[in-house]
Amino acid sequence: MIYFYSSETNINNYKSLKMGFDKYLSEFGAYEFQPFEDRDTFDKHVKSKKNCILLLSSWHYKHIFKDYRLRFLMIGIRGGKKQQQRVLVTRDSISINELLKGCRIASSSSVQHTKSVLAGMLEKKDVALNAKILAVPKDIDALMSLGFGISTAALTTQNALEQLKEVNPTLYGTLKILAEGQESYLLVLATPETFMDQAVQIINVIKNMAMHSDGKKKMRMLGLDGWQEPDESDRNVLEAK
Amino acid sequence: MKFTKVIMICLLFLTVFIGKGITDDGPAVLLINSDATVEKYKVTEDEFKKTLSHPVVEVRLDEKRWGIAEVEDLLYDTPPELIYCIGTKAFLIANEFAGNTNIVFSSIINWQRLPIMKSAYGVSNELHPGMQMMLFRHIFPKVNKIGLLYSKKYNSQWFENASKAANAMGIEIVGQPISYKKNSVSTLKGMLPGIDALWLISDPVLVCDNKSLMAVLKACEKNKTPVFSYHEAFAKYGVTLVVSVDDPTIGRQAAGVALEVLSGEKIQERVQNPAGSHIILNLNKVKKYGLEYNEDALASVNKIID
């Protein structure tokens with residue numbers, strides 16, 4: 001069983017994901033893909049599972065790997081990069097402190113995760129707790145809501161900004177980066193420590209998805225174009241004590 | 001008889017309000033849902049309540065116990081601080097009997113046709129045309145000329161706004177006005193050779209019945225011209241791309257407006273555009289027509305028909 005939940009990425013195509021992955025994986029064995037819409041349900045469900053694969057955001061992994069006795073085996077990549085950088089963008093002349101005093105910030109991440117990222121961008125971290133967040137389904141929605149005056153700022157990624165440059169260069173040209181977050185890893189693939197040896201076969205199937213045209217398309221649905229094995233430095237960051 | 005009715009209303013009020021502990025926990029928000037059995041209304045309601053974090057009293061107009069008179073009595077006897085209306089029916093009743101109480105509305109098709117009081121705020125049910133075009137461009141970067149049939153009577157202003165937004169993105173809108181349904185297919189046939197896609201918009205002349213809609217879709221199919229539309233109901237008719245509003249986001253936006261109203265904040269815009277989109281892509285049509293699409297955009301697609 002492969003369980004998926006991402007608090008961080010703009011993925012909400014759950015039905016298509018399940019259908020697409022189930023169809024693809026069925027060619028390699030009796031595997032099933034189960035996406036989750038909310039974190040609590042995901043956490044409760046996977047806590048007691050021993051024989052499974054988890055696809056989750058690196059931020060989420062860092063929060064649960066000790067309690068759940070997990071080990072991550074691969075990191076998702078996009079455009080050859082395994083990390084992404086969050087950016088806070090606006091069209092107005094406004095400081096970040098003014099922005100956090102009641103202006104609407106659109107974000108495709110969960111409210112909890114958005115506030116955590118904002119806190120990481122600020123010196124006074126508690127200010128981020130009061131930020132007014134509008135959760136939207138996709139990064140492009142966050143940027144459009146900024147472009148069409150629904151929000152004052154958008155928390156997005158450098159990658160989404162690059163996409164906006166292609167889609168609407170005029171809007172892109174009006175945006176100002178107000179703050180930049182630290183780079184964070186994309187989705188990670190993990191298993192319970194006790195299942196690592198038995199997971200080799202399915203891990204290989206997932207690892208090789210990008211080599212097949214249909215598998216590549218399914219990876220795109222997760223916002224990825226491949227996987228990379230972690231090195232020691234990745235492990236130091238994601239499993240820091 | 002009238003006395004009995006008053007007693008019943010009072011009992012109902014006590015059951016609903018005190019049962020929810022509304023007296024202690026914060027301002028009273030009355031939520032009126034036109035029909036909670038409709039999935040999109042239900043989803044919007046659930047997300048509103050989840051986001052608001054204030055006690056909410058619910059009136060579901062699909063339940064027999066809630067007639068217009070009962071809602072009127074409830075509003076008259078104990079006016080809440082704010083009424084949130086989901087759908088047109090809920091809004092019309094609240095608008096009639098709310099007095100000075102603030103109203104927040106959502107999920108109303110073409111809200112501009114309704115009488116909107118000064119104390120009413122809302123979230124529109126239609127994505128800004130510029131947002132729709134951005135999503136068209138995101139998925140089909142090579143689509144530059146988009147055909148559009150519209151009636152001047154209903155959509156003249158909308159067409160102008162859409163054309164302006166399109167120009168800003170380097171997209172050309174090839175618009176043709178139609179005055180009655182019979183000339184829509186002949187007008188379309190003349191337009192097809194010069195466009196990359198047809199944008200099927202909400203227009204009462206164009207989409208007036210199933211027969212004329214099918215004739216439009218058939219003409220596009222014959223010419224291998226993709227059709228982009230605004231409502232998921234069109235997905236079953238084989239349109240290539242549907243870009244519609246995301247209902248949970250509407251619920252969250254409405255809750256945000258309600259919180260601003262309740263805290264006495266200045267509301268920047270009385271009626272907000274929806275901020276979230278829901279996308280359906282028919283990959284079968286994409287393959288059949290030999291269209292190029294942006295694979296990186298697949299993560300933004302909610303439903304893929306393949």
# chains A, B, ... in the order shown; residues from 1 in each chain; ligands from 1
>>> residues_around(residues="Arg69 of chain A", least_positions_apart="2", cutoff="12 Å", atoms="only C-alpha atoms", output="PDB file with N, CA and C atoms, in the first residue's frame")
ATOM      1  N   VAL A  46      -1.826   5.946   9.169  1.00  0.00           N
ATOM      2  CA  VAL A  46      -0.537   5.286   8.896  1.00  0.00           C
ATOM      3  C   VAL A  46       0.231   4.919  10.166  1.00  0.00           C
ATOM      4  N   LYS A  47      -0.182   5.468  11.287  1.00  0.00           N
ATOM      5  CA  LYS A  47       0.580   5.247  12.528  1.00  0.00           C
ATOM      6  C   LYS A  47       0.723   3.756  12.856  1.00  0.00           C
ATOM      7  N   SER A  48      -0.338   3.004  12.639  1.00  0.00           N
ATOM      8  CA  SER A  48      -0.285   1.585  13.023  1.00  0.00           C
ATOM      9  C   SER A  48       0.143   0.673  11.855  1.00  0.00           C
ATOM     10  N   LYS A  49       0.382   1.273  10.687  1.00  0.00           N
ATOM     11  CA  LYS A  49       0.724   0.447   9.519  1.00  0.00           C
ATOM     12  C   LYS A  49       2.212   0.107   9.501  1.00  0.00           C
ATOM     13  N   LYS A  50       2.491  -1.147   9.255  1.00  0.00           N
ATOM     14  CA  LYS A  50       3.900  -1.568   9.243  1.00  0.00           C
ATOM     15  C   LYS A  50       4.412  -1.799   7.823  1.00  0.00           C
ATOM     16  N   TYR A  61       7.462  14.962   7.091  1.00  0.00           N
ATOM     17  CA  TYR A  61       8.354  13.861   7.477  1.00  0.00           C
ATOM     18  C   TYR A  61       9.168  14.242   8.725  1.00  0.00           C
ATOM     19  N   LYS A  62       9.699  15.474   8.687  1.00  0.00           N
ATOM     20  CA  LYS A  62      10.515  15.926   9.815  1.00  0.00           C
ATOM     21  C   LYS A  62       9.728  15.902  11.133  1.00  0.00           C
ATOM     22  N   HIS A  63       8.423  16.153  11.009  1.00  0.00           N
ATOM     23  CA  HIS A  63       7.594  16.196  12.215  1.00  0.00           C
ATOM     24  C   HIS A  63       7.234  14.809  12.759  1.00  0.00           C
ATOM     25  N   ILE A  64       7.187  13.798  11.880  1.00  0.00           N
ATOM     26  CA  ILE A  64       6.661  12.510  12.380  1.00  0.00           C
ATOM     27  C   ILE A  64       7.656  11.347  12.330  1.00  0.00           C
ATOM     28  N   PHE A  65       8.809  11.535  11.716  1.00  0.00           N
ATOM     29  CA  PHE A  65       9.643  10.340  11.460  1.00  0.00           C
ATOM     30  C   PHE A  65      10.085   9.621  12.745  1.00  0.00           C
ATOM     31  N   LYS A  66      10.315  10.395  13.813  1.00  0.00           N
ATOM     32  CA  LYS A  66      10.772   9.747  15.058  1.00  0.00           C
ATOM     33  C   LYS A  66       9.645   8.929  15.679  1.00  0.00           C
ATOM     34  N   ASP A  67       8.493   9.576  15.838  1.00  0.00           N
ATOM     35  CA  ASP A  67       7.353   8.890  16.478  1.00  0.00           C
ATOM     36  C   ASP A  67       6.903   7.678  15.680  1.00  0.00           C
ATOM     37  N   ARG A  71      11.864   5.873   7.826  1.00  0.00           N
ATOM     38  CA  ARG A  71      13.159   6.118   7.178  1.00  0.00           C
ATOM     39  C   ARG A  71      12.855   6.584   5.760  1.00  0.00           C
ATOM     40  N   PHE A  72      13.465   7.693   5.339  1.00  0.00           N
ATOM     41  CA  PHE A  72      13.179   8.107   3.958  1.00  0.00           C
ATOM     42  C   PHE A  72      14.216   7.537   3.008  1.00  0.00           C
ATOM     43  N   ALA A 190       9.081   7.430   2.010  1.00  0.00           N
ATOM     44  CA  ALA A 190       9.579   6.822   3.250  1.00  0.00           C
ATOM     45  C   ALA A 190       8.856   5.513   3.534  1.00  0.00           C
ATOM     46  N   THR A 191       9.453   4.707   4.400  1.00  0.00           N
ATOM     47  CA  THR A 191       8.776   3.479   4.848  1.00  0.00           C
ATOM     48  C   THR A 191       9.027   3.319   6.349  1.00  0.00           C
ATOM     49  N   PRO A 192       8.211   2.519   7.021  1.00  0.00           N
ATOM     50  CA  PRO A 192       8.557   2.159   8.404  1.00  0.00           C
ATOM     51  C   PRO A 192       9.892   1.413   8.382  1.00  0.00           C
ATOM     52  N   GLU A 193      10.724   1.633   9.388  1.00  0.00           N
ATOM     53  CA  GLU A 193      12.069   1.021   9.417  1.00  0.00           C
ATOM     54  C   GLU A 193      12.006  -0.501   9.241  1.00  0.00           C
ATOM     55  N   THR A 194      10.964  -1.089   9.804  1.00  0.00           N
ATOM     56  CA  THR A 194      10.862  -2.555   9.772  1.00  0.00           C
ATOM     57  C   THR A 194      10.480  -3.099   8.391  1.00  0.00           C
ATOM     58  N   PHE A 195      10.084  -2.229   7.494  1.00  0.00           N
ATOM     59  CA  PHE A 195       9.608  -2.680   6.178  1.00  0.00           C
ATOM     60  C   PHE A 195      10.639  -2.431   5.069  1.00  0.00           C
ATOM     61  N   MET A 196      11.737  -1.809   5.423  1.00  0.00           N
ATOM     62  CA  MET A 196      12.692  -1.364   4.395  1.00  0.00           C
ATOM     63  C   MET A 196      13.160  -2.492   3.463  1.00  0.00           C
ATOM     64  N   GLU A 239      16.670  14.681   9.189  1.00  0.00           N
ATOM     65  CA  GLU A 239      16.549  13.927  10.433  1.00  0.00           C
ATOM     66  C   GLU A 239      17.400  14.570  11.526  1.00  0.00           C
TER      67      GLU A 239
END
>>> select_by_dssp(residues="segment 56-265 of chain B", states="alpha helix (DSSP H)", output="ChimeraX atom specification")
/B:68-77,88-97,129-139,152-168,182-191,210-222,247-262
>>> interface_residues(of="chain B", to="chain A", cutoff="10 Å", atoms="only C-alpha atoms", output="PyMOL selection string")
chain B and resi 51+128+130-141+168-170+246+248-250+252-253+256+260+265+268-269+271-280+295-306
>>> write_last_selection(atoms="C-alpha atoms", output="tab-separated table (two decimals), in the first residue's frame")
chain	number	residue	atom	x	y	z
B	51	THR	CA	-12.74	28.31	8.85
B	128	HIS	CA	-12.59	36.46	-13.35
B	130	GLY	CA	-8.55	36.82	-16.83
B	131	MET	CA	-8.07	33.95	-14.38
B	132	GLN	CA	-9.77	31.54	-16.74
B	133	MET	CA	-7.51	32.64	-19.57
B	134	MET	CA	-4.40	32.29	-17.43
B	135	LEU	CA	-5.38	28.70	-16.76
B	136	PHE	CA	-6.11	28.07	-20.46
B	137	ARG	CA	-2.62	29.39	-21.22
B	138	HIS	CA	-1.06	27.39	-18.38
B	139	ILE	CA	-2.38	24.13	-19.82
B	140	PHE	CA	-2.32	24.95	-23.53
B	141	PRO	CA	0.59	27.40	-24.05
B	168	ALA	CA	-2.59	41.70	-21.46
B	169	MET	CA	-1.64	38.06	-21.90
B	170	GLY	CA	-1.04	38.18	-25.63
B	246	ASP	CA	-13.36	25.62	-6.33
B	248	PRO	CA	-14.25	24.82	-0.68
B	249	THR	CA	-12.24	27.98	-1.42
B	250	ILE	CA	-15.49	29.93	-1.79
B	252	ARG	CA	-13.15	29.84	3.12
B	253	GLN	CA	-13.36	33.23	1.40
B	256	GLY	CA	-12.89	35.45	5.80
B	260	GLU	CA	-13.86	40.95	8.72
B	265	GLU	CA	-12.90	45.89	9.61
B	268	GLN	CA	-12.08	46.56	0.58
B	269	GLU	CA	-14.31	44.96	-2.00
B	271	VAL	CA	-18.00	41.21	-3.73
B	272	GLN	CA	-14.78	39.23	-4.16
B	273	ASN	CA	-13.84	37.14	-7.14
B	274	PRO	CA	-13.36	33.47	-6.28
B	275	ALA	CA	-9.69	32.69	-5.59
B	276	GLY	CA	-9.64	28.95	-6.23
B	277	SER	CA	-10.03	27.03	-9.44
B	278	HIS	CA	-11.11	23.49	-10.27
B	279	ILE	CA	-9.81	22.05	-13.52
B	280	ILE	CA	-10.95	19.06	-15.56
B	295	GLU	CA	2.74	18.30	-18.82
B	296	ASP	CA	4.06	20.38	-15.92
B	297	ALA	CA	0.53	21.73	-15.49
B	298	LEU	CA	-0.87	18.27	-14.73
B	299	ALA	CA	-0.29	18.84	-11.00
B	300	SER	CA	-2.81	21.67	-11.23
B	301	VAL	CA	-5.49	19.54	-12.85
B	302	ASN	CA	-8.12	18.20	-10.44
B	303	LYS	CA	-9.59	15.58	-12.71
B	304	ILE	CA	-8.08	13.95	-15.75
B	305	ILE	CA	-10.33	12.11	-18.17
B	306	ASP	CA	-8.11	9.50	-19.81
>>> residues_around(residues="segment 25-42 of chain A", least_positions_apart="5", cutoff="6 Å", atoms="only C-alpha atoms", output="CSV table (one decimal) with all heavy atoms, in the first residue's frame")
chain,number,residue,atom,x,y,z
A,1,MET,N,0.8,-1.2,0.0
A,1,MET,CA,0.0,0.0,0.0
A,1,MET,C,0.9,1.3,0.0
A,1,MET,O,1.9,1.3,0.7
A,1,MET,CB,-0.9,-0.1,1.3
A,1,MET,CG,-2.1,0.8,1.2
A,1,MET,SD,-3.3,0.0,0.2
A,1,MET,CE,-4.6,1.3,0.2
A,2,ILE,N,0.5,2.2,-0.8
A,2,ILE,CA,1.3,3.5,-0.9
A,2,ILE,C,0.3,4.6,-0.4
A,2,ILE,O,-0.7,4.8,-1.0
A,2,ILE,CB,1.7,3.8,-2.3
A,2,ILE,CG1,2.7,2.6,-2.8
A,2,ILE,CG2,2.5,5.1,-2.4
A,2,ILE,CD1,2.8,2.5,-4.3
A,3,TYR,N,0.7,5.2,0.7
A,3,TYR,CA,-0.1,6.3,1.2
A,3,TYR,C,0.5,7.7,0.9
A,3,TYR,O,1.7,7.8,1.0
A,3,TYR,CB,-0.3,6.2,2.8
A,3,TYR,CG,-0.9,4.9,3.2
A,3,TYR,CD1,-0.2,3.9,3.9
A,3,TYR,CD2,-2.3,4.7,2.9
A,3,TYR,CE1,-0.9,2.7,4.3
A,3,TYR,CE2,-2.9,3.5,3.3
A,3,TYR,CZ,-2.2,2.5,4.0
A,3,TYR,OH,-2.8,1.4,4.4
A,4,PHE,N,-0.4,8.6,0.5
A,4,PHE,CA,0.1,9.9,0.1
A,4,PHE,C,-0.7,11.0,0.8
A,4,PHE,O,-1.9,11.0,0.8
A,4,PHE,CB,-0.1,10.1,-1.5
A,4,PHE,CG,0.1,11.5,-1.9
A,4,PHE,CD1,1.4,12.0,-2.0
A,4,PHE,CD2,-1.0,12.2,-2.3
A,4,PHE,CE1,1.5,13.3,-2.5
A,4,PHE,CE2,-0.8,13.6,-2.8
A,4,PHE,CZ,0.4,14.1,-2.8
A,5,TYR,N,0.1,12.0,1.3
A,5,TYR,CA,-0.5,13.2,1.8
A,5,TYR,C,0.5,14.3,1.7
A,5,TYR,O,1.7,14.1,2.1
A,5,TYR,CB,-1.1,13.1,3.2
A,5,TYR,CG,-1.4,14.5,3.7
A,5,TYR,CD1,-2.6,15.2,3.2
A,5,TYR,CD2,-0.7,15.2,4.6
A,5,TYR,CE1,-2.9,16.4,3.6
A,5,TYR,CE2,-1.0,16.5,5.1
A,5,TYR,CZ,-2.1,17.1,4.5
A,5,TYR,OH,-2.4,18.4,4.9
A,18,LYS,N,-5.4,8.7,-7.7
A,18,LYS,CA,-5.6,7.3,-7.3
A,18,LYS,C,-5.8,6.4,-8.5
A,18,LYS,O,-5.2,5.3,-8.7
A,18,LYS,CB,-6.9,7.2,-6.4
A,18,LYS,CG,-7.2,5.7,-6.1
A,18,LYS,CD,-7.9,5.5,-4.8
A,18,LYS,CE,-8.2,4.1,-4.6
A,18,LYS,NZ,-7.1,3.2,-4.5
>>> closest_residue(among="B:Ala215, B:Leu148, B:Leu188, B:Ala197", to="Gly175 of chain B", atoms="only C-alpha atoms")
B:Leu148
>>> atom_distance(atom1="atom CA of Lys152 of chain B", atom2="atom CA of Thr225 of chain B")
24.0 Å
>>> atom_distance(atom1="atom CA of Ala258 of chain B", atom2="atom CA of Asp126 of chain A")
24.6 Å
